[in-house]
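Content type PDB, C-alpha atoms, pLDDT in the B column, from the file target_36.pdb:
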ATOM      1  CA  MET F   1       0.000   0.000   0.000  1.00 66.00           C
ATOM      2  CA  SER F   2       1.396   3.349  -0.985  1.00 69.00           C
ATOM      3  CA  ALA F   3       1.892   6.131   1.550  1.00 71.00           C
ATOM      4  CA  SER F   4      -0.675   8.194  -0.329  1.00 77.00           C
ATOM      5  CA  SER F   5      -3.422   5.556  -0.135  1.00 78.00           C
ATOM      6  CA  ALA F   6      -2.600   4.878   3.531  1.00 72.00           C
ATOM      7  CA  SER F   7      -2.922   8.593   4.207  1.00 88.00           C
ATOM      8  CA  GLU F   8      -6.217   8.725   2.297  1.00 90.00           C
ATOM      9  CA  GLN F   9      -7.544   5.752   4.306  1.00 91.00           C
ATOM     10  CA  ARG F  10      -6.508   7.432   7.559  1.00 90.00           C
ATOM     11  CA  ILE F  11      -8.267  10.666   6.548  1.00 91.00           C
ATOM     12  CA  ASP F  12     -11.379   8.721   5.516  1.00 92.00           C
ATOM     13  CA  ARG F  13     -11.402   6.920   8.888  1.00 92.00           C
ATOM     14  CA  VAL F  14     -10.978  10.148  10.867  1.00 90.00           C
ATOM     15  CA  ALA F  15     -13.656  11.908   8.799  1.00 91.00           C
ATOM     16  CA  SER F  16     -16.070   9.016   9.326  1.00 93.00           C
ATOM     17  CA  GLU F  17     -15.436   8.894  13.061  1.00 93.00           C
ATOM     18  CA  LEU F  18     -15.816  12.677  13.450  1.00 92.00           C
ATOM     19  CA  ALA F  19     -19.050  12.632  11.405  1.00 93.00           C
ATOM     20  CA  ALA F  20     -20.455  10.001  13.775  1.00 94.00           C
ATOM     21  CA  CYS F  21     -19.013  11.273  17.063  1.00 93.00           C
ATOM     22  CA  LEU F  22     -19.593  15.030  16.961  1.00 92.00           C
ATOM     23  CA  PRO F  23     -23.386  14.932  16.445  1.00 92.00           C
ATOM     24  CA  ALA F  24     -23.714  12.246  19.122  1.00 94.00           C
ATOM     25  CA  LEU F  25     -21.671  14.360  21.549  1.00 94.00           C
ATOM     26  CA  HIS F  26     -23.820  17.396  20.746  1.00 92.00           C
ATOM     27  CA  ARG F  27     -27.092  15.470  21.253  1.00 93.00           C
ATOM     28  CA  ALA F  28     -25.908  13.986  24.551  1.00 94.00           C
ATOM     29  CA  LEU F  29     -24.931  17.424  25.843  1.00 93.00           C
ATOM     30  CA  GLU F  30     -28.220  18.945  24.627  1.00 90.00           C
ATOM     31  CA  ARG F  31     -30.245  16.293  26.463  1.00 91.00           C
ATOM     32  CA  ARG F  32     -28.366  16.901  29.704  1.00 92.00           C
ATOM     33  CA  ILE F  33     -28.906  20.645  29.461  1.00 90.00           C
ATOM     34  CA  ALA F  34     -32.580  20.323  28.528  1.00 88.00           C
ATOM     35  CA  ALA F  35     -33.161  18.178  31.619  1.00 91.00           C
ATOM     36  CA  GLU F  36     -31.716  20.827  33.965  1.00 91.00           C
ATOM     37  CA  TYR F  37     -32.411  24.147  32.261  1.00 89.00           C
ATOM     38  CA  PRO F  38     -35.035  25.951  34.390  1.00 89.00           C
ATOM     39  CA  HIS F  39     -36.730  27.714  31.453  1.00 86.00           C
ATOM     40  CA  PRO F  40     -38.112  26.480  28.161  1.00 80.00           C
ATOM     41  CA  LYS F  41     -34.908  25.909  26.229  1.00 77.00           C
ATOM     42  CA  PRO F  42     -34.846  27.827  22.956  1.00 80.00           C
ATOM     43  CA  PRO F  43     -34.450  25.750  19.797  1.00 85.00           C
ATOM     44  CA  GLU F  44     -30.881  25.434  18.563  1.00 86.00           C
ATOM     45  CA  GLY F  45     -31.379  28.039  15.807  1.00 91.00           C
ATOM     46  CA  GLN F  46     -32.575  30.658  18.292  1.00 92.00           C
ATOM     47  CA  LEU F  47     -29.763  29.855  20.691  1.00 90.00           C
ATOM     48  CA  ALA F  48     -27.190  30.075  17.886  1.00 93.00           C
ATOM     49  CA  LEU F  49     -28.579  33.469  16.860  1.00 96.00           C
ATOM     50  CA  LEU F  50     -28.534  34.755  20.449  1.00 96.00           C
ATOM     51  CA  ARG F  51     -24.953  33.571  20.906  1.00 94.00           C
ATOM     52  CA  PHE F  52     -23.901  35.203  17.643  1.00 96.00           C
ATOM     53  CA  VAL F  53     -25.526  38.527  18.544  1.00 97.00           C
ATOM     54  CA  GLU F  54     -24.012  38.386  22.022  1.00 96.00           C
ATOM     55  CA  GLN F  55     -20.565  38.129  20.425  1.00 96.00           C
ATOM     56  CA  HIS F  56     -21.376  40.614  17.628  1.00 97.00           C
ATOM     57  CA  GLU F  57     -23.628  43.249  19.189  1.00 97.00           C
ATOM     58  CA  GLY F  58     -25.095  45.458  16.504  1.00 97.00           C
ATOM     59  CA  ALA F  59     -24.901  42.856  13.743  1.00 97.00           C
ATOM     60  CA  THR F  60     -27.548  42.942  11.044  1.00 96.00           C
ATOM     61  CA  VAL F  61     -29.884  40.116  10.049  1.00 94.00           C
ATOM     62  CA  ARG F  62     -27.844  39.609   6.875  1.00 94.00           C
ATOM     63  CA  GLU F  63     -24.575  39.368   8.807  1.00 96.00           C
ATOM     64  CA  ALA F  64     -26.124  36.875  11.222  1.00 96.00           C
ATOM     65  CA  ALA F  65     -27.538  34.816   8.353  1.00 95.00           C
ATOM     66  CA  GLU F  66     -24.150  34.651   6.639  1.00 93.00           C
ATOM     67  CA  ALA F  67     -22.321  33.699   9.826  1.00 93.00           C
ATOM     68  CA  LEU F  68     -24.892  31.069  10.825  1.00 94.00           C
ATOM     69  CA  LEU F  69     -25.268  29.675   7.293  1.00 92.00           C
ATOM     70  CA  MET F  70     -28.995  30.408   7.316  1.00 94.00           C
ATOM     71  CA  LYS F  71     -31.349  32.163   4.938  1.00 95.00           C
ATOM     72  CA  PRO F  72     -31.964  35.819   5.857  1.00 93.00           C
ATOM     73  CA  ASN F  73     -35.753  35.298   5.945  1.00 94.00           C
ATOM     74  CA  ASN F  74     -35.303  32.446   8.462  1.00 96.00           C
ATOM     75  CA  VAL F  75     -33.082  34.628  10.636  1.00 96.00           C
ATOM     76  CA  SER F  76     -35.607  37.443  10.346  1.00 95.00           C
ATOM     77  CA  ALA F  77     -38.332  35.068  11.602  1.00 96.00           C
ATOM     78  CA  LEU F  78     -36.118  34.051  14.542  1.00 96.00           C
ATOM     79  CA  VAL F  79     -35.457  37.714  15.300  1.00 96.00           C
ATOM     80  CA  SER F  80     -39.210  38.374  15.385  1.00 96.00           C
ATOM     81  CA  GLN F  81     -39.785  35.466  17.776  1.00 95.00           C
ATOM     82  CA  LEU F  82     -36.945  36.501  20.080  1.00 96.00           C
ATOM     83  CA  THR F  83     -38.000  40.152  19.986  1.00 96.00           C
ATOM     84  CA  GLU F  84     -41.542  39.218  21.007  1.00 96.00           C
ATOM     85  CA  ARG F  85     -40.124  37.282  23.970  1.00 93.00           C
ATOM     86  CA  GLY F  86     -37.910  40.180  25.045  1.00 94.00           C
ATOM     87  CA  GLU F  87     -34.665  38.341  24.311  1.00 95.00           C
ATOM     88  CA  LEU F  88     -33.500  40.430  21.379  1.00 97.00           C
ATOM     89  CA  GLU F  89     -33.788  44.098  20.376  1.00 97.00           C
ATOM     90  CA  ARG F  90     -33.856  45.588  16.896  1.00 95.00           C
ATOM     91  CA  ARG F  91     -32.386  49.074  16.675  1.00 95.00           C
ATOM     92  CA  GLN F  92     -32.839  51.040  13.491  1.00 93.00           C
ATOM     93  CA  ASP F  93     -29.709  52.184  11.703  1.00 89.00           C
ATOM     94  CA  SER F  94     -29.398  55.972  11.866  1.00 90.00           C
ATOM     95  CA  ALA F  95     -28.167  56.262   8.278  1.00 91.00           C
ATOM     96  CA  ASP F  96     -30.358  53.631   6.596  1.00 90.00           C
ATOM     97  CA  LYS F  97     -33.797  53.156   8.131  1.00 87.00           C
ATOM     98  CA  ARG F  98     -34.239  49.832   6.284  1.00 88.00           C
ATOM     99  CA  VAL F  99     -31.399  48.275   8.295  1.00 89.00           C
ATOM    100  CA  ALA F 100     -31.828  47.072  11.857  1.00 90.00           C
ATOM    101  CA  HIS F 101     -29.004  46.240  14.232  1.00 96.00           C
ATOM    102  CA  LEU F 102     -29.498  43.375  16.658  1.00 97.00           C
ATOM    103  CA  HIS F 103     -28.746  43.536  20.359  1.00 98.00           C
ATOM    104  CA  THR F 104     -29.190  41.044  23.159  1.00 97.00           C
ATOM    105  CA  THR F 105     -31.230  41.962  26.211  1.00 97.00           C
ATOM    106  CA  GLU F 106     -30.304  41.406  29.828  1.00 96.00           C
ATOM    107  CA  LEU F 107     -32.716  38.452  29.877  1.00 94.00           C
ATOM    108  CA  SER F 108     -31.049  36.742  26.919  1.00 94.00           C
ATOM    109  CA  ARG F 109     -27.538  37.386  28.260  1.00 94.00           C
ATOM    110  CA  GLN F 110     -28.587  35.781  31.537  1.00 93.00           C
ATOM    111  CA  ARG F 111     -30.105  32.750  29.794  1.00 90.00           C
ATOM    112  CA  ILE F 112     -27.148  32.306  27.460  1.00 91.00           C
ATOM    113  CA  ALA F 113     -24.881  32.338  30.521  1.00 93.00           C
ATOM    114  CA  GLU F 114     -27.078  29.719  32.218  1.00 92.00           C
ATOM    115  CA  VAL F 115     -26.842  27.420  29.195  1.00 91.00           C
ATOM    116  CA  ARG F 116     -23.080  28.004  28.901  1.00 92.00           C
ATOM    117  CA  ASP F 117     -22.627  27.200  32.611  1.00 94.00           C
ATOM    118  CA  LEU F 118     -24.570  23.952  32.216  1.00 94.00           C
ATOM    119  CA  GLU F 119     -22.549  23.009  29.137  1.00 93.00           C
ATOM    120  CA  GLU F 120     -19.264  23.659  30.900  1.00 95.00           C
ATOM    121  CA  HIS F 121     -20.430  21.812  34.016  1.00 96.00           C
ATOM    122  CA  HIS F 122     -21.424  18.674  32.118  1.00 96.00           C
ATOM    123  CA  LEU F 123     -18.388  18.707  29.867  1.00 95.00           C
ATOM    124  CA  GLY F 124     -16.127  19.304  32.867  1.00 95.00           C
ATOM    125  CA  ARG F 125     -17.630  16.365  34.755  1.00 95.00           C
ATOM    126  CA  ALA F 126     -17.283  14.136  31.705  1.00 95.00           C
ATOM    127  CA  LEU F 127     -13.668  15.220  31.238  1.00 95.00           C
ATOM    128  CA  LEU F 128     -12.956  14.227  34.848  1.00 95.00           C
ATOM    129  CA  SER F 129     -13.867  10.641  33.946  1.00 96.00           C
ATOM    130  CA  LEU F 130     -11.167  10.486  31.271  1.00 95.00           C
ATOM    131  CA  THR F 131      -7.534   9.595  31.681  1.00 96.00           C
ATOM    132  CA  ASP F 132      -4.942  12.361  31.723  1.00 95.00           C
ATOM    133  CA  GLY F 133      -3.817  11.251  28.266  1.00 95.00           C
ATOM    134  CA  GLU F 134      -7.359  11.423  26.878  1.00 95.00           C
ATOM    135  CA  THR F 135      -7.875  14.874  28.383  1.00 94.00           C
ATOM    136  CA  ASP F 136      -4.545  16.074  26.980  1.00 93.00           C
ATOM    137  CA  ALA F 137      -5.460  14.663  23.545  1.00 94.00           C
ATOM    138  CA  LEU F 138      -8.794  16.487  23.592  1.00 93.00           C
ATOM    139  CA  GLY F 139      -7.096  19.694  24.697  1.00 92.00           C
ATOM    140  CA  SER F 140      -4.673  19.397  21.812  1.00 91.00           C
ATOM    141  CA  ALA F 141      -7.510  18.605  19.402  1.00 93.00           C
ATOM    142  CA  VAL F 142      -9.489  21.765  20.219  1.00 93.00           C
ATOM    143  CA  GLY F 143      -7.251  23.939  18.066  1.00 90.00           C
ATOM    144  CA  ALA F 144      -7.463  21.474  15.200  1.00 91.00           C
ATOM    145  CA  LEU F 145     -11.267  21.312  15.507  1.00 92.00           C
ATOM    146  CA  LYS F 146     -11.456  25.112  15.398  1.00 90.00           C
ATOM    147  CA  ALA F 147      -9.267  25.138  12.274  1.00 91.00           C
ATOM    148  CA  LEU F 148     -11.447  22.428  10.700  1.00 91.00           C
ATOM    149  CA  THR F 149     -14.553  24.497  11.467  1.00 87.00           C
ATOM    150  CA  ARG F 150     -13.000  27.590   9.871  1.00 88.00           C
ATOM    151  CA  HIS F 151     -12.073  25.550   6.805  1.00 89.00           C
ATOM    152  CA  LEU F 152     -15.607  24.174   6.387  1.00 88.00           C
ATOM    153  CA  HIS F 153     -17.383  27.466   7.113  1.00 82.00           C
ATOM    154  CA  PRO F 154     -17.507  29.521   3.903  1.00 72.00           C
ATOM    155  CA  ALA F 155     -17.942  32.850   5.749  1.00 60.00           C
ATOM    156  CA  THR F 156     -14.560  32.464   7.434  1.00 54.00           C
ATOM    157  CA  ARG F 157     -12.508  31.593   4.343  1.00 47.00           C
TER     158      ARG F 157
END
What does the file become when written as structure tokens?
Amino acid sequence: MSASSASEQRIDRVASELAACLPALHRALERRIAAEYPHPKPPEGQLALLRFVEQHEGATVREAAEALLMKPNNVSALVSQLTERGELERRQDSADKRVAHLHTTELSRQRIAEVRDLEEHHLGRALLSLTDGETDALGSAVGALKALTRHLHPATR
């Protein structure tokens, strides 16, 4: 077997294992959080939008749609839902009245923090069950996973 085909097989194996493992990890974490979150947990799309706006206060619907790989009309619908619930604010652009800038509210910042705390708690407890070598390997892999995400995400290329 040539080095090239061995490398291709290794990449195929890693890709297959990541494709199976990452969604399962995400679902397991989501179930844990949903069981303990004291409020109705927002759907993943709403939570992703809230997290994006929290990190990019003043972003527009179009910017959020591009970053989240969603259609602008879907993001606009999420914005309407979150605005009605008092978790997001639309502020009109002073120069172009057709453009609205998105801002999180105190309520949404509090709820995002609650979800983040639960995520970190459950992941931290799970990490404690691993060996030092496994924890070190995951720590080393975080940078590679971030780079992989950037490579797959067209808005960051």
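Residues within 9 Å of F:Glu66, counting all atoms listed in the file and excluding same-chain residues fewer than 5 positions away, are Val61, Lys71, Pro72, Pro154 and Ala155 of chain F.
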Leaving out F:Arg109 and any residue of its chain fewer than 4 positions from it, which residues lie within 12 Å of it when counting only C-alpha atoms, given as a ChimeraX atom specification?
/F:47,50-55,57,86-88,103-105,113-116
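Our summary of the geometry notes that atom CA of F:Leu68 is positioned 7.5 Å from atom CA of F:Ala48.
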Could you check which of F:Ala126, F:Ile33, F:Ala3, F:Leu148 is closest to F:Ile112, using all atoms listed in the file?
F:Ile33
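Among the candidates F:Arg91, F:Val79, F:Gly124, F:Glu30, the residue lying nearest to F:Glu44 is F:Glu30 (atoms considered: only C-alpha atoms).
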What does the structure give for the distance between atom CA of F:His122 and atom CA of F:Leu29, in Å to one decimal?
7.3 Å
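Take the candidates F:Ser94, F:Thr131, F:His151, F:Leu123 and check each one against F:Arg32 using all atoms listed in the file; the shortest distance goes to F:Leu123.
One distance worth recording is that between atom CA of F:Ala95 and atom CA of F:Arg62, which is 16.7 Å.
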Matched chain/residue IDs from the PyMOL selection byres ((chain F and resi 101) around 7), as an MDAnalysis selection string:
chainID F and resid 58:60 90:93 99:100 102:103
Output C-alpha atoms for every residue in that selection, as a PDB file, in the frame of the given file.
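Result file is result-v1.pdb:
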ATOM      1  CA  GLY F  58     -25.095  45.458  16.504  1.00 97.00           C
ATOM      2  CA  ALA F  59     -24.901  42.856  13.743  1.00 97.00           C
ATOM      3  CA  THR F  60     -27.548  42.942  11.044  1.00 96.00           C
ATOM      4  CA  ARG F  90     -33.856  45.588  16.896  1.00 95.00           C
ATOM      5  CA  ARG F  91     -32.386  49.074  16.675  1.00 95.00           C
ATOM      6  CA  GLN F  92     -32.839  51.040  13.491  1.00 93.00           C
ATOM      7  CA  ASP F  93     -29.709  52.184  11.703  1.00 89.00           C
ATOM      8  CA  VAL F  99     -31.399  48.275   8.295  1.00 89.00           C
ATOM      9  CA  ALA F 100     -31.828  47.072  11.857  1.00 90.00           C
ATOM     10  CA  LEU F 102     -29.498  43.375  16.658  1.00 97.00           C
ATOM     11  CA  HIS F 103     -28.746  43.536  20.359  1.00 98.00           C
TER      12      HIS F 103
END
Please define a box with edges along x, y and z of the file around all atoms of stretch 149-152 of chain F given in the file, extend it by 3 Å on each side, and return its centre and edge lengths in Å to one decimal, as JSON.
{"center_x": -13.8, "center_y": 25.9, "center_z": 8.9, "size_x": 9.5, "size_y": 9.4, "size_z": 11.1}
Judged by all atoms listed in the file, the minimum distance to F:Ala28 among F:Asp132, F:Asp12, F:Asp96, F:Glu119 is found for F:Glu119
Expected file for stretch 139-151 of chain F keeping all heavy atoms, as a PDB file, in the first residue's frame:
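Ended up saving to result31.pdb:
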ATOM      1  N   GLY F 139      -7.580  18.319  24.618  1.00  0.00           N
ATOM      2  CA  GLY F 139      -7.096  19.694  24.697  1.00  0.00           C
ATOM      3  C   GLY F 139      -6.290  20.063  23.469  1.00  0.00           C
ATOM      4  O   GLY F 139      -6.443  21.165  22.921  1.00  0.00           O
ATOM      5  N   SER F 140      -5.456  19.147  23.016  1.00  0.00           N
ATOM      6  CA  SER F 140      -4.673  19.397  21.812  1.00  0.00           C
ATOM      7  C   SER F 140      -5.557  19.448  20.568  1.00  0.00           C
ATOM      8  O   SER F 140      -5.270  20.185  19.629  1.00  0.00           O
ATOM      9  CB  SER F 140      -3.617  18.301  21.628  1.00  0.00           C
ATOM     10  OG  SER F 140      -2.697  18.332  22.694  1.00  0.00           O
ATOM     11  N   ALA F 141      -6.631  18.682  20.571  1.00  0.00           N
ATOM     12  CA  ALA F 141      -7.510  18.605  19.402  1.00  0.00           C
ATOM     13  C   ALA F 141      -8.392  19.841  19.242  1.00  0.00           C
ATOM     14  O   ALA F 141      -8.886  20.106  18.148  1.00  0.00           O
ATOM     15  CB  ALA F 141      -8.381  17.357  19.488  1.00  0.00           C
ATOM     16  N   VAL F 142      -8.595  20.604  20.300  1.00  0.00           N
ATOM     17  CA  VAL F 142      -9.489  21.765  20.219  1.00  0.00           C
ATOM     18  C   VAL F 142      -9.031  22.739  19.138  1.00  0.00           C
ATOM     19  O   VAL F 142      -9.835  23.215  18.331  1.00  0.00           O
ATOM     20  CB  VAL F 142      -9.619  22.459  21.598  1.00  0.00           C
ATOM     21  CG1 VAL F 142     -10.322  23.803  21.469  1.00  0.00           C
ATOM     22  CG2 VAL F 142     -10.377  21.566  22.565  1.00  0.00           C
ATOM     23  N   GLY F 143      -7.765  23.033  19.092  1.00  0.00           N
ATOM     24  CA  GLY F 143      -7.251  23.939  18.066  1.00  0.00           C
ATOM     25  C   GLY F 143      -7.470  23.387  16.666  1.00  0.00           C
ATOM     26  O   GLY F 143      -7.850  24.125  15.750  1.00  0.00           O
ATOM     27  N   ALA F 144      -7.253  22.097  16.503  1.00  0.00           N
ATOM     28  CA  ALA F 144      -7.463  21.474  15.200  1.00  0.00           C
ATOM     29  C   ALA F 144      -8.941  21.488  14.825  1.00  0.00           C
ATOM     30  O   ALA F 144      -9.291  21.715  13.659  1.00  0.00           O
ATOM     31  CB  ALA F 144      -6.931  20.041  15.205  1.00  0.00           C
ATOM     32  N   LEU F 145      -9.829  21.270  15.780  1.00  0.00           N
ATOM     33  CA  LEU F 145     -11.267  21.312  15.507  1.00  0.00           C
ATOM     34  C   LEU F 145     -11.703  22.729  15.118  1.00  0.00           C
ATOM     35  O   LEU F 145     -12.535  22.905  14.225  1.00  0.00           O
ATOM     36  CB  LEU F 145     -12.067  20.814  16.707  1.00  0.00           C
ATOM     37  CG  LEU F 145     -11.999  19.305  16.948  1.00  0.00           C
ATOM     38  CD1 LEU F 145     -12.601  18.962  18.310  1.00  0.00           C
ATOM     39  CD2 LEU F 145     -12.698  18.550  15.839  1.00  0.00           C
ATOM     40  N   LYS F 146     -11.142  23.732  15.769  1.00  0.00           N
ATOM     41  CA  LYS F 146     -11.456  25.112  15.398  1.00  0.00           C
ATOM     42  C   LYS F 146     -10.987  25.399  13.980  1.00  0.00           C
ATOM     43  O   LYS F 146     -11.690  26.043  13.198  1.00  0.00           O
ATOM     44  CB  LYS F 146     -10.809  26.098  16.383  1.00  0.00           C
ATOM     45  CG  LYS F 146     -11.488  26.147  17.724  1.00  0.00           C
ATOM     46  CD  LYS F 146     -10.788  27.141  18.640  1.00  0.00           C
ATOM     47  CE  LYS F 146     -11.478  27.252  19.979  1.00  0.00           C
ATOM     48  NZ  LYS F 146     -10.786  28.212  20.864  1.00  0.00           N
ATOM     49  N   ALA F 147      -9.788  24.934  13.631  1.00  0.00           N
ATOM     50  CA  ALA F 147      -9.267  25.138  12.274  1.00  0.00           C
ATOM     51  C   ALA F 147     -10.137  24.404  11.254  1.00  0.00           C
ATOM     52  O   ALA F 147     -10.424  24.938  10.175  1.00  0.00           O
ATOM     53  CB  ALA F 147      -7.815  24.656  12.182  1.00  0.00           C
ATOM     54  N   LEU F 148     -10.568  23.197  11.588  1.00  0.00           N
ATOM     55  CA  LEU F 148     -11.447  22.428  10.700  1.00  0.00           C
ATOM     56  C   LEU F 148     -12.769  23.166  10.493  1.00  0.00           C
ATOM     57  O   LEU F 148     -13.268  23.268   9.371  1.00  0.00           O
ATOM     58  CB  LEU F 148     -11.687  21.036  11.295  1.00  0.00           C
ATOM     59  CG  LEU F 148     -12.504  20.051  10.485  1.00  0.00           C
ATOM     60  CD1 LEU F 148     -11.840  19.749   9.154  1.00  0.00           C
ATOM     61  CD2 LEU F 148     -12.699  18.764  11.283  1.00  0.00           C
ATOM     62  N   THR F 149     -13.310  23.732  11.557  1.00  0.00           N
ATOM     63  CA  THR F 149     -14.553  24.497  11.467  1.00  0.00           C
ATOM     64  C   THR F 149     -14.370  25.700  10.552  1.00  0.00           C
ATOM     65  O   THR F 149     -15.202  25.970   9.688  1.00  0.00           O
ATOM     66  CB  THR F 149     -15.011  24.947  12.869  1.00  0.00           C
ATOM     67  OG1 THR F 149     -15.204  23.788  13.679  1.00  0.00           O
ATOM     68  CG2 THR F 149     -16.291  25.755  12.807  1.00  0.00           C
ATOM     69  N   ARG F 150     -13.276  26.426  10.728  1.00  0.00           N
ATOM     70  CA  ARG F 150     -13.000  27.590   9.871  1.00  0.00           C
ATOM     71  C   ARG F 150     -12.884  27.170   8.413  1.00  0.00           C
ATOM     72  O   ARG F 150     -13.346  27.859   7.514  1.00  0.00           O
ATOM     73  CB  ARG F 150     -11.733  28.310  10.321  1.00  0.00           C
ATOM     74  CG  ARG F 150     -11.895  29.160  11.557  1.00  0.00           C
ATOM     75  CD  ARG F 150     -10.677  30.037  11.808  1.00  0.00           C
ATOM     76  NE  ARG F 150      -9.434  29.295  11.893  1.00  0.00           N
ATOM     77  CZ  ARG F 150      -8.949  28.763  13.021  1.00  0.00           C
ATOM     78  NH1 ARG F 150      -9.600  28.894  14.155  1.00  0.00           N
ATOM     79  NH2 ARG F 150      -7.808  28.113  13.015  1.00  0.00           N
ATOM     80  N   HIS F 151     -12.273  26.017   8.167  1.00  0.00           N
ATOM     81  CA  HIS F 151     -12.073  25.550   6.805  1.00  0.00           C
ATOM     82  C   HIS F 151     -13.399  25.153   6.151  1.00  0.00           C
ATOM     83  O   HIS F 151     -13.588  25.353   4.953  1.00  0.00           O
ATOM     84  CB  HIS F 151     -11.106  24.365   6.789  1.00  0.00           C
ATOM     85  CG  HIS F 151     -10.684  23.975   5.411  1.00  0.00           C
ATOM     86  ND1 HIS F 151      -9.830  24.737   4.650  1.00  0.00           N
ATOM     87  CD2 HIS F 151     -11.038  22.944   4.643  1.00  0.00           C
ATOM     88  CE1 HIS F 151      -9.642  24.162   3.483  1.00  0.00           C
ATOM     89  NE2 HIS F 151     -10.370  23.066   3.442  1.00  0.00           N
TER      90      HIS F 151
END
